[in-house]
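To keep things clear, I will list the structure first and then write my remarks on it.
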Amino acid sequence: MNRNRLVEVMRKLALEAGERIMEIYQAGDLSIRMKSDQSPVTIADEEADAIISKGLKAEFPHMPLITEEQSESHALHSDRFLIVDPLDGTREFINRRGDFTVNIAYVEHGEPVSGVVYAPAKGRMFYTLNGGSVEERGPFDSRRPGERVAIGVSRADNSALTVVASKSHLTDATRDYIARYSVSDFKSAGSSLKFCLVASGEADLYPRAGRTMEWDTAAGHAVLAGAGGRVVDMDDHAPLKYGKEGHENPHFIAFSPFVSLKRQ
């Protein structure tokens, strides 16, 4: 797998999906329905998924593809696979808060090694490149990249940490975990943008004590890892792995390695 070519394709598809998402977002008819797990899905989720899936299958026909919106793909298991959340933060999308993203990642031997996170309403795009991670500055053109700035995690001050957490899923358990740290600033963000804020040094720590799936986290995890960060199980601090049965994550912590972690 040529990772630079892969990221080039993922970037292009993320932009195309993001463009369609924003057309629906601005038109106002979201066609909301509830899935079997009582999570919302909109026409934007489905149309973005179609764009990304078609493009990935055309470019990488032999690579297994797992995507949130195609339940039959959830039974796939492989050492190497692509994983997609075409619209992460659907509740943010429905409530018009802007903190939604397009997530596309490539996983190898349990680790997300390449990823693209695009927040079309925020005009921010992050991805892995040449062993590191970058933020591309807009305006964006799917045919060629614009200015790319290398990003890296903060040198966290453990006496004054900046913490980012979920807007829609801030549980009591997450609040209790955050209370173990000396926090000087708290940021609230939706979707996989939280990983990217840690990756860019805008936050030091992102704990999540709540249900997430691998497609929610893989792309952001890849970007954070490329920027020098880590993602671990909240209980035992083992690295978060992918390709798990059912694709559900344990509670986890995403962080700059300069943060002194607290045990759950």
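Just remember, in the structure tokens the first chain shown is A, the second B, etc., residues are 1-based per chain, and ligands are 1-based in the order shown.
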Hey, could you make a per-residue contact list for range 196-251 of chain A against range 97-121 of chain A with 12 Å as the cut-off, showing the nearest pair of atoms and its distance in Å to one decimal, counting only C-alpha atoms, sorted by chain and number, as a tab-separated table?
```
residue	atom	partner	partner_atom	distance
A:Cys196	CA	A:Val117	CA	8.1
A:Leu197	CA	A:Val117	CA	11.5
A:Ala199	CA	A:Val117	CA	11.6
A:Glu214	CA	A:Pro112	CA	9.8
A:Trp215	CA	A:Asn103	CA	7.5
A:Asp216	CA	A:Asn103	CA	7.5
A:Thr217	CA	A:Asn103	CA	8.3
A:Ala218	CA	A:Pro112	CA	5.7
A:Ala219	CA	A:Gly115	CA	4.3
A:Gly220	CA	A:Val117	CA	6.4
A:His221	CA	A:Pro112	CA	6.7
A:Ala222	CA	A:Pro112	CA	5.0
A:Val223	CA	A:Gly115	CA	6.1
A:Leu224	CA	A:Gly115	CA	9.6
A:Ala225	CA	A:Val113	CA	8.0
A:Gly226	CA	A:Val113	CA	8.0
A:Ala227	CA	A:Val113	CA	11.6
A:Arg230	CA	A:Glu111	CA	11.3
A:Val231	CA	A:Glu111	CA	10.5
A:Val232	CA	A:Glu111	CA	11.8
A:Pro239	CA	A:Glu111	CA	9.0
A:Leu240	CA	A:Glu111	CA	8.0
A:Lys241	CA	A:Gly110	CA	5.0
A:Tyr242	CA	A:Gly110	CA	4.4
A:Gly243	CA	A:Gly110	CA	6.0
A:Lys244	CA	A:Gly110	CA	8.4
A:Glu245	CA	A:Gly110	CA	11.9
A:His247	CA	A:Gly110	CA	11.4
```
Which of range 101-191 of chain A end up as alpha helix (DSSP H) when DSSP is run on this backbone - answer as JSON, numbers by chain?
{"A": [172, 173, 174, 175, 176, 177, 178]}
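For range 129-223 of chain A, backbone-based DSSP labels the following residues as strand (DSSP E or B): Leu129, Gly132, Ser133, Val134, Glu135, Glu136, Asp141, Arg144, Arg148, Val149, Ala150, Leu161, Thr162, Val163, Val164, Ala165, Ser166, Val183, Ser184, Asp185, Phe186, Lys187, Ser188, Ala189, Leu205, Tyr206, Pro207, Arg208 and Met213 of chain A.
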What lies within 6 Å of Ala209 in chain A using only C-alpha atoms, ignoring chain neighbours under 3 positions off, as a ChimeraX atom specification?
/A:173-174,251
Just checking: using only C-alpha atoms, which residue out of A:Met22, A:Ala150, A:Leu170, A:Val7 ends up closest to Tyr206 in chain A?
A:Leu170
Write out as a ChimeraX atom specification the residues lying within 7 Å of range 51-65 of chain A, counting only C-alpha atoms and excluding same-chain residues fewer than 5 positions away.
/A:13,17,73,81-83
Restricting it to N, CA and C atoms, dump the selection as a CSV table (one decimal), in the first residue's frame.
```csv
chain,number,residue,atom,x,y,z
A,13,LEU,N,-11.7,12.3,-1.7
A,13,LEU,CA,-13.0,11.8,-1.4
A,13,LEU,C,-13.6,12.5,-0.2
A,17,ALA,N,-17.1,14.4,-0.5
A,17,ALA,CA,-18.2,14.1,0.5
A,17,ALA,C,-18.6,15.3,1.3
A,73,SER,N,-20.9,-4.6,6.3
A,73,SER,CA,-19.4,-4.5,6.3
A,73,SER,C,-18.9,-4.7,7.7
A,81,PHE,N,-7.4,-2.9,6.5
A,81,PHE,CA,-8.7,-2.5,6.1
A,81,PHE,C,-8.8,-1.0,6.1
A,82,LEU,N,-9.7,-0.5,5.3
A,82,LEU,CA,-10.2,0.9,5.3
A,82,LEU,C,-11.4,1.0,6.2
A,83,ILE,N,-11.5,2.1,6.9
A,83,ILE,CA,-12.7,2.3,7.8
A,83,ILE,C,-13.2,3.7,7.7
```
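In this structure, CA of Phe93 in chain A sits 16.5 Å away from CA of Leu15 in chain A.
For the set A:Leu205, A:Met213, A:Ala179, A:Leu6, the residue with the smallest atom-to-atom gap to Ile66 in chain A is A:Met213, counting only C-alpha atoms.
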Find the residues near Glu147 in chain A: any atom within 12 Å, counting only C-alpha atoms, skip ones fewer than 4 places away on the same chain, and give them as a compact mmCIF listing (two decimals) with N, CA, C and O atoms, in the first residue's frame.
```txt
# COMPACT_ATOMS: atom_id res chain seq x y z
N MET A 125 -9.00 20.81 7.87
CA MET A 125 -8.68 19.47 7.37
C MET A 125 -7.34 19.04 7.91
O MET A 125 -6.35 19.79 7.85
N PHE A 126 -7.30 17.82 8.44
CA PHE A 126 -6.10 17.24 9.02
C PHE A 126 -5.86 15.87 8.38
O PHE A 126 -6.82 15.13 8.13
N VAL A 134 -0.40 16.74 9.22
CA VAL A 134 -0.46 18.13 8.79
C VAL A 134 -1.88 18.65 8.91
O VAL A 134 -2.84 17.87 8.95
N GLU A 135 -1.99 19.96 8.98
CA GLU A 135 -3.27 20.61 8.76
C GLU A 135 -3.16 21.37 7.45
O GLU A 135 -2.21 22.16 7.26
N GLU A 136 -4.08 21.12 6.54
CA GLU A 136 -4.10 21.86 5.28
C GLU A 136 -4.97 23.09 5.45
O GLU A 136 -6.07 23.03 6.01
N ARG A 137 -4.48 24.21 4.96
CA ARG A 137 -5.21 25.46 5.05
C ARG A 137 -6.07 25.65 3.80
O ARG A 137 -5.63 25.39 2.68
N GLY A 138 -7.30 26.11 3.98
CA GLY A 138 -8.19 26.34 2.85
C GLY A 138 -7.86 27.65 2.14
O GLY A 138 -6.96 28.39 2.59
N PRO A 139 -8.54 27.97 1.04
CA PRO A 139 -9.62 27.19 0.44
C PRO A 139 -9.12 25.87 -0.15
O PRO A 139 -7.99 25.79 -0.62
N PHE A 140 -9.99 24.86 -0.14
CA PHE A 140 -9.60 23.52 -0.55
C PHE A 140 -9.96 23.26 -2.01
O PHE A 140 -10.99 23.71 -2.49
N ASP A 141 -9.10 22.50 -2.65
CA ASP A 141 -9.29 22.09 -4.04
C ASP A 141 -9.03 20.60 -4.10
O ASP A 141 -7.95 20.14 -3.73
```
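Closest approach to Lys35 in chain A from the set A:Glu68, A:Gly246, A:Glu47, A:Arg211 is made by A:Glu68, with distances taken over only C-alpha atoms.
Of the listed residues A:Arg96, A:Lys262, A:Arg175, A:His77, the one whose atoms come nearest to Gly210 in chain A is A:Arg175, with distances taken using only C-alpha atoms.
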